[in-house]
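Q: Hey, dropping model-v8.txt in here, compact mmCIF, C-alpha atoms and all ligand atoms:
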# COMPACT_ATOMS: atom_id res chain seq x y z
CA MET A 1 51.83 77.67 80.59
CA ARG A 2 53.71 80.90 79.92
CA ARG A 3 55.97 82.15 82.70
CA PRO A 4 55.38 85.84 83.42
CA LEU A 5 58.24 88.27 82.81
CA VAL A 6 58.58 91.69 84.38
CA ALA A 7 61.35 93.76 82.81
CA GLY A 8 62.50 97.19 83.96
CA ASN A 9 63.68 99.59 81.28
CA TRP A 10 65.85 102.08 83.14
CA LYS A 11 66.27 104.19 79.99
CA MET A 12 69.05 106.82 80.16
CA HIS A 13 68.76 107.13 83.93
CA GLY A 14 71.21 106.61 86.72
CA THR A 15 74.60 107.42 88.08
CA ARG A 16 76.87 104.78 89.60
CA ALA A 17 75.62 105.81 93.05
CA SER A 18 71.91 105.77 92.19
CA VAL A 19 72.24 102.49 90.29
CA ASP A 20 73.98 100.92 93.30
CA GLU A 21 71.16 102.14 95.53
CA LEU A 22 68.51 100.75 93.18
CA VAL A 23 70.30 97.40 93.01
CA GLN A 24 70.45 97.28 96.81
CA GLY A 25 66.69 97.77 96.81
CA LEU A 26 66.23 94.95 94.28
CA LEU A 27 68.38 92.64 96.38
CA LYS A 28 66.01 93.15 99.30
CA LEU A 29 62.94 92.10 97.30
CA GLU A 30 61.50 88.71 97.99
CA VAL A 31 61.94 86.23 95.14
CA VAL A 32 58.54 85.57 93.59
CA PRO A 33 58.40 81.97 92.40
CA GLY A 34 57.33 81.47 88.82
CA VAL A 35 58.14 85.01 87.65
CA ASP A 36 61.14 86.01 85.54
CA VAL A 37 62.56 89.43 86.35
CA ALA A 38 64.91 91.48 84.21
CA VAL A 39 66.45 94.93 84.38
CA LEU A 40 67.84 96.89 81.47
CA PRO A 41 70.32 99.56 82.60
CA VAL A 42 72.30 101.83 80.27
CA ALA A 43 75.11 99.87 78.63
CA LEU A 44 77.69 101.64 80.79
CA HIS A 45 76.16 100.15 83.94
CA ILE A 46 75.42 96.63 82.70
CA GLU A 47 78.54 94.96 84.11
CA ARG A 48 78.18 96.83 87.41
CA VAL A 49 74.60 95.59 87.78
CA ILE A 50 75.47 92.04 86.74
CA SER A 51 78.27 91.77 89.26
CA ALA A 52 76.05 93.11 92.04
CA ILE A 53 73.07 90.83 91.40
CA GLU A 54 74.73 87.75 89.96
CA SER A 55 73.64 85.62 92.91
CA VAL A 56 69.95 86.43 92.51
CA GLN A 57 67.65 85.47 89.70
CA VAL A 58 67.42 88.80 87.95
CA LEU A 59 68.34 88.80 84.29
CA VAL A 60 70.21 91.80 82.95
CA GLY A 61 69.59 93.10 79.46
CA ALA A 62 70.44 96.02 77.21
CA GLN A 63 68.24 98.72 75.73
CA ASN A 64 69.79 98.65 72.29
CA CYS A 65 72.41 96.96 70.13
CA SER A 66 74.08 97.65 66.83
CA VAL A 67 72.78 96.20 63.58
CA GLU A 68 76.33 94.86 63.23
CA ALA A 69 76.46 91.73 65.32
CA GLN A 70 80.23 91.53 65.73
CA GLN A 71 83.02 93.96 66.54
CA GLY A 72 84.19 96.48 63.99
CA ALA A 73 84.74 100.08 62.95
CA PHE A 74 81.37 101.44 64.06
CA THR A 75 82.18 104.31 66.40
CA GLY A 76 79.84 104.64 69.33
CA GLU A 77 78.02 101.37 68.73
CA ILE A 78 77.80 98.30 70.97
CA SER A 79 77.42 94.90 69.35
CA ALA A 80 75.35 91.91 70.36
CA ALA A 81 78.61 89.94 70.57
CA GLN A 82 79.93 92.40 73.15
CA LEU A 83 76.69 92.38 75.12
CA ALA A 84 76.72 88.59 75.20
CA ASP A 85 80.37 88.67 76.29
CA SER A 86 79.29 90.85 79.26
CA GLN A 87 76.74 88.16 80.25
CA CYS A 88 73.83 90.25 79.04
CA ARG A 89 70.79 88.06 78.35
CA MET A 90 68.30 90.13 76.39
CA VAL A 91 68.00 93.32 74.39
CA LEU A 92 65.16 95.68 73.52
CA VAL A 93 64.62 96.26 69.81
CA GLY A 94 62.18 98.71 68.29
CA HIS A 95 61.38 100.70 71.42
CA SER A 96 59.23 103.64 70.33
CA GLU A 97 61.88 106.09 71.54
CA ARG A 98 64.35 104.44 69.14
CA ARG A 99 61.77 104.45 66.34
CA GLN A 100 60.78 108.08 66.86
CA LEU A 101 63.91 109.84 68.13
CA PHE A 102 66.52 107.81 66.25
CA GLN A 103 64.53 107.09 63.08
CA GLU A 104 64.82 103.31 63.39
CA ASP A 105 62.62 101.63 60.80
CA ASP A 106 61.40 98.06 60.59
CA HIS A 107 64.42 96.98 58.52
CA VAL A 108 66.89 98.32 61.09
CA ILE A 109 64.83 96.72 63.84
CA SER A 110 64.87 93.36 62.04
CA ARG A 111 68.64 93.57 61.69
CA LYS A 112 69.03 94.29 65.40
CA PHE A 113 66.66 91.41 66.23
CA TYR A 114 68.77 89.11 64.06
CA ALA A 115 72.06 90.41 65.51
CA ALA A 116 70.79 89.80 69.04
CA GLN A 117 69.73 86.23 68.31
CA SER A 118 73.01 85.51 66.54
CA TYR A 119 74.71 85.84 69.92
CA GLY A 120 72.09 84.11 72.02
CA LEU A 121 70.43 87.26 73.34
CA THR A 122 66.64 87.25 73.56
CA PRO A 123 65.23 90.15 71.54
CA VAL A 124 62.30 91.97 73.14
CA LEU A 125 60.52 93.44 70.13
CA CYS A 126 58.51 96.55 71.01
CA VAL A 127 55.50 97.49 68.91
CA GLY A 128 52.91 100.17 69.45
CA GLU A 129 50.70 102.79 67.87
CA THR A 130 50.69 106.55 68.32
CA LEU A 131 47.64 108.37 69.67
CA GLU A 132 46.89 109.67 66.19
CA GLN A 133 46.93 106.13 64.79
CA ARG A 134 44.67 104.88 67.59
CA GLU A 135 42.21 107.72 67.07
CA ALA A 136 42.15 106.95 63.36
CA GLY A 137 41.17 103.35 64.19
CA LYS A 138 44.45 102.01 62.84
CA THR A 139 45.89 100.36 65.95
CA LEU A 140 45.65 96.74 64.84
CA GLU A 141 46.83 97.55 61.33
CA VAL A 142 49.92 99.40 62.64
CA ILE A 143 50.85 96.60 65.03
CA ALA A 144 50.29 93.93 62.37
CA ASP A 145 52.58 95.85 60.03
CA GLN A 146 55.35 96.32 62.58
CA LEU A 147 55.25 92.64 63.46
CA GLY A 148 54.65 91.44 59.90
CA ASN A 149 57.73 93.27 58.62
CA VAL A 150 59.99 91.44 61.06
CA ILE A 151 58.31 88.11 60.27
CA ARG A 152 58.82 88.71 56.54
CA GLU A 153 62.50 89.56 56.97
CA LEU A 154 63.46 86.88 59.47
CA GLY A 155 60.78 84.21 59.25
CA ILE A 156 58.33 83.12 61.93
CA GLY A 157 60.95 80.76 63.39
CA ALA A 158 62.82 83.79 64.77
CA PHE A 159 59.97 84.24 67.28
CA ALA A 160 60.59 80.89 68.94
CA GLN A 161 63.17 82.63 71.14
CA ALA A 162 61.84 86.13 71.50
CA VAL A 163 59.52 88.29 73.56
CA ILE A 164 57.13 90.93 72.25
CA ALA A 165 56.17 94.06 74.17
CA TYR A 166 53.04 95.94 73.16
CA GLU A 167 53.64 99.54 74.16
CA PRO A 168 51.13 102.13 72.98
CA VAL A 169 53.27 105.21 72.33
CA TRP A 170 50.65 107.46 73.95
CA ALA A 171 50.95 105.51 77.19
CA ILE A 172 54.75 105.59 77.54
CA GLY A 173 55.89 107.92 80.27
CA THR A 174 52.58 109.82 80.18
CA GLY A 175 50.75 108.30 83.12
CA LEU A 176 48.05 107.15 80.68
CA THR A 177 47.63 103.38 80.56
CA ALA A 178 45.70 101.32 78.07
CA THR A 179 42.72 99.76 79.80
CA PRO A 180 43.17 96.04 80.41
CA GLU A 181 40.57 95.43 77.66
CA GLN A 182 42.36 97.68 75.15
CA ALA A 183 45.67 95.97 75.88
CA GLN A 184 44.12 92.49 75.76
CA ALA A 185 42.57 93.19 72.35
CA VAL A 186 45.96 94.05 70.88
CA HIS A 187 47.72 91.15 72.61
CA ALA A 188 45.11 88.73 71.27
CA ALA A 189 45.61 90.12 67.76
CA ILE A 190 49.40 89.72 68.05
CA ARG A 191 49.01 86.15 69.24
CA ASP A 192 46.55 85.39 66.42
CA GLN A 193 48.94 86.81 63.84
CA LEU A 194 51.79 84.65 65.12
CA SER A 195 49.54 81.59 65.49
CA SER A 196 48.37 81.88 61.91
CA GLU A 197 52.03 81.31 60.92
CA ASP A 198 52.96 78.83 63.65
CA GLY A 199 50.52 77.66 66.30
CA GLN A 200 53.21 76.57 68.74
CA ILE A 201 55.04 79.89 68.60
CA GLY A 202 51.79 81.83 68.86
CA SER A 203 50.69 80.03 71.99
CA SER A 204 54.06 79.98 73.75
CA ILE A 205 55.52 83.43 73.08
CA ARG A 206 55.42 85.89 75.97
CA LEU A 207 53.60 89.15 75.27
CA LEU A 208 54.37 91.98 77.67
CA TYR A 209 52.36 95.15 78.08
CA GLY A 210 54.22 98.44 78.55
CA GLY A 211 53.03 101.98 79.10
CA SER A 212 52.83 103.60 82.54
CA VAL A 213 52.57 100.26 84.35
CA LYS A 214 52.75 100.76 88.11
CA ALA A 215 51.84 98.89 91.26
CA ALA A 216 48.33 100.39 91.17
CA ASN A 217 47.38 99.08 87.71
CA ALA A 218 49.58 95.99 87.23
CA ALA A 219 47.23 93.42 88.75
CA GLU A 220 44.26 94.28 86.53
CA LEU A 221 46.46 94.16 83.43
CA PHE A 222 47.89 90.78 84.46
CA GLU A 223 44.37 89.39 84.81
CA MET A 224 44.06 89.48 81.03
CA PRO A 225 44.68 86.09 79.43
CA ASP A 226 47.19 87.25 76.80
CA ILE A 227 49.23 89.62 78.97
CA ASP A 228 52.24 87.69 80.21
CA GLY A 229 53.99 90.42 82.13
CA ALA A 230 55.16 93.97 81.72
CA LEU A 231 57.87 96.18 80.34
CA VAL A 232 58.13 98.89 82.97
CA GLY A 233 59.85 102.24 82.53
CA GLY A 234 59.47 104.90 85.22
CA ALA A 235 58.15 102.60 87.94
CA SER A 236 61.16 100.29 87.59
CA LEU A 237 63.39 103.03 89.01
CA ASN A 238 61.80 102.50 92.40
CA ALA A 239 62.61 99.07 93.84
CA ASP A 240 59.51 98.91 96.05
CA GLU A 241 57.17 99.85 93.21
CA PHE A 242 58.92 97.41 90.88
CA GLY A 243 58.70 94.73 93.57
CA ALA A 244 54.94 95.26 93.86
CA ILE A 245 54.56 94.79 90.08
CA ILE A 246 56.59 91.56 90.28
CA ARG A 247 54.37 90.31 93.09
CA ALA A 248 51.27 91.13 91.01
CA ALA A 249 52.73 89.03 88.18
CA GLY A 250 53.22 86.21 90.67
CA ARG A 251 49.46 86.13 91.28
CA LYS A 252 48.76 85.64 87.58
C1 LIG B 1 59.01 102.06 78.44
O1 LIG B 1 59.77 102.98 78.25
O2 LIG B 1 59.20 100.97 77.89
C2 LIG B 1 57.87 102.30 79.32
C3 LIG B 1 56.89 101.45 79.32
O3 LIG B 1 57.90 103.44 80.10
P1 LIG B 1 56.84 103.87 81.24
O4 LIG B 1 56.56 102.66 82.07
O5 LIG B 1 57.55 104.95 81.99
O6 LIG B 1 55.63 104.35 80.53
Translate this structure into structure tokens?

A:
Amino acid sequence: MRRPLVAGNWKMHGTRASVDELVQGLLKLEVVPGVDVAVLPVALHIERVISAIESVQVLVGAQNCSVEAQQGAFTGEISAAQLADSQCRMVLVGHSERRQLFQEDDHVISRKFYAAQSYGLTPVLCVGETLEQREAGKTLEVIADQLGNVIRELGIGAFAQAVIAYEPVWAIGTGLTATPEQAQAVHAAIRDQLSSEDGQIGSSIRLLYGGSVKAANAAELFEMPDIDGALVGGASLNADEFGAIIRAAGRK
């Protein structure tokens, strides 16, 4: 049985005041048994969020890490070692905004995945196709490539302690959501690809859906057998909306 995970990607949002307000809202949410919850603030706010919510069961993660796992002369970077030292528990790798706006390719993403695991952080590998790729009928091929490249570089064993988020690029921040059936088809293909390498990993890994998830569409997505939770952007900036998504995951 896979335990659902709902993770909030706060992206480059928030001031100290607004983050404190959001955390206060999270603290008021009822704990939903059987659901893991995580929030991913900007690196600057990670320690602030951890110290405010350390008594409740909300994991705190980062949105990015350096390909260099340790400390060193890499101006502006933050290493997995430093994130782990701040009690961070997970890190996004391969988010489409990093792929598209910061030219991160599969090799860079594999290095970040490896760096994260080297310091005990759970990598959340994001994969997803653009609208153009979907319209060209290439969705499954694109996802298989993105995943296959990481498997080739790091080996299937790396996925024993990892999470994958399927995030169609055309659905991120657009208000468009994949239908539950569209999302399920991709999740099933991801699970099949992993299972063909290692049945245990394929059946146990958590596959999140991301792309304009909100309270109004979460439940129908979570009804799908291979959707084990959500990576939530915009809606995670509102504690009540995020809370409703967590509750929907609890009914899975
Ligand atoms: C994301 O950025 O990972 C995301 C899914 O964003 P949104 O929910 O806003 O589409």

Q: Find the residues of chain A that sit at most 8 Å from ligand LIG 1 (chain B); for each, write down the nearest two atoms and how far apart they are in Å, to one decimal. Count only C-alpha atoms and all ligand atoms. Sort by chain, then by number going up, and give it as a tab-separated table.

A:
residue	atom	partner	partner_atom	distance
A:Gly8	CA	B:LIG1	O2	7.9
A:Asn9	CA	B:LIG1	O2	5.8
A:Trp10	CA	B:LIG1	O1	7.9
A:Lys11	CA	B:LIG1	O1	6.8
A:His95	CA	B:LIG1	O2	6.8
A:Ser96	CA	B:LIG1	O1	8.0
A:Glu97	CA	B:LIG1	O1	7.7
A:Glu167	CA	B:LIG1	C3	6.4
A:Ala171	CA	B:LIG1	O6	5.9
A:Ile172	CA	B:LIG1	O6	3.4
A:Gly173	CA	B:LIG1	O6	3.6
A:Thr174	CA	B:LIG1	O6	6.3
A:Gly175	CA	B:LIG1	O6	6.8
A:Tyr209	CA	B:LIG1	C3	7.9
A:Gly210	CA	B:LIG1	C3	4.1
A:Gly211	CA	B:LIG1	O6	3.8
A:Ser212	CA	B:LIG1	O6	3.5
A:Val213	CA	B:LIG1	O4	5.2
A:Lys214	CA	B:LIG1	O4	7.4
A:Leu231	CA	B:LIG1	C3	5.5
A:Val232	CA	B:LIG1	O4	4.2
A:Gly233	CA	B:LIG1	O3	3.3
A:Gly234	CA	B:LIG1	O5	3.8
A:Ala235	CA	B:LIG1	O4	6.1
A:Ser236	CA	B:LIG1	O4	7.6

Q: With distances taken over only C-alpha atoms, which of A:Ile53, A:Glu153, A:Met1, A:Glu197 is nearest to A:Gly25?

A: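 Nearest candidate to A:Gly25 out of A:Ile53, A:Glu153, A:Met1, A:Glu197: A:Ile53.
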
Q: So how far away is atom CA of A:Ala136 from atom CA of A:Arg152, in Å?

A: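 Atom-to-atom, atom CA of A:Arg152 to atom CA of A:Ala136, that is 25.6 Å.
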
Q: Kindly indicate which residue among A:Asp36, A:Glu54, A:Glu47, A:Asp192 lies nearest to A:Leu208, using only C-alpha atoms for the distances.

A: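 Answer, going by the shortest atom-to-atom distance: A:Asp36.
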
Q: Show me, as JSON lines, the residues of stretch 140-244 of chain A having an atom within 10 Å of stretch 98-122 of chain A, each with the closest atom pair and its distance in Å, using all atoms listed in the file.

A:
{"residue": "A:Asp145", "atom": "CA", "partner": "A:Asp106", "partner_atom": "CA", "distance": 9.1}
{"residue": "A:Gln146", "atom": "CA", "partner": "A:Asp106", "partner_atom": "CA", "distance": 6.6}
{"residue": "A:Leu147", "atom": "CA", "partner": "A:Asp106", "partner_atom": "CA", "distance": 8.7}
{"residue": "A:Gly148", "atom": "CA", "partner": "A:Asp106", "partner_atom": "CA", "distance": 9.5}
{"residue": "A:Asn149", "atom": "CA", "partner": "A:Asp106", "partner_atom": "CA", "distance": 6.3}
{"residue": "A:Val150", "atom": "CA", "partner": "A:Ser110", "partner_atom": "CA", "distance": 5.3}
{"residue": "A:Ile151", "atom": "CA", "partner": "A:Ser110", "partner_atom": "CA", "distance": 8.6}
{"residue": "A:Arg152", "atom": "CA", "partner": "A:Ser110", "partner_atom": "CA", "distance": 9.4}
{"residue": "A:Glu153", "atom": "CA", "partner": "A:Ser110", "partner_atom": "CA", "distance": 6.8}
{"residue": "A:Leu154", "atom": "CA", "partner": "A:Ser110", "partner_atom": "CA", "distance": 7.1}
{"residue": "A:Ala158", "atom": "CA", "partner": "A:Tyr114", "partner_atom": "CA", "distance": 8.0}
{"residue": "A:Phe159", "atom": "CA", "partner": "A:Thr122", "partner_atom": "CA", "distance": 9.6}
{"residue": "A:Ala160", "atom": "CA", "partner": "A:Thr122", "partner_atom": "CA", "distance": 9.9}
{"residue": "A:Gln161", "atom": "CA", "partner": "A:Thr122", "partner_atom": "CA", "distance": 6.3}
{"residue": "A:Ala162", "atom": "CA", "partner": "A:Thr122", "partner_atom": "CA", "distance": 5.3}
{"residue": "A:Val163", "atom": "CA", "partner": "A:Thr122", "partner_atom": "CA", "distance": 7.2}
{"residue": "A:Val169", "atom": "CA", "partner": "A:Gln100", "partner_atom": "CA", "distance": 9.7}

Q: Could you work out an axis-aligned bounding box for all listed atoms of stretch 45-50 of chain A, with 4 Å added on each of the six sides, and give its centre and edge lengths in Å to one decimal, as AutoDock Vina command-line options?

A:
--center_x 76.6 --center_y 96.1 --center_z 85.2 --size_x 11.9 --size_y 16.1 --size_z 13.1

Q: May I ask which of the residues A:Ala80, A:Asp240, A:His187, A:Glu223 is the closest one to A:Gln24, counting only C-alpha atoms?

A: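 Nearest to A:Gln24: A:Asp240.
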
Q: Go ahead and compute the interatomic distance for atom CA of A:Gly199 and atom CA of A:Gly155, in Å to one decimal.

A: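 Separation between atom CA of A:Gly199 and atom CA of A:Gly155: 14.1 Å.
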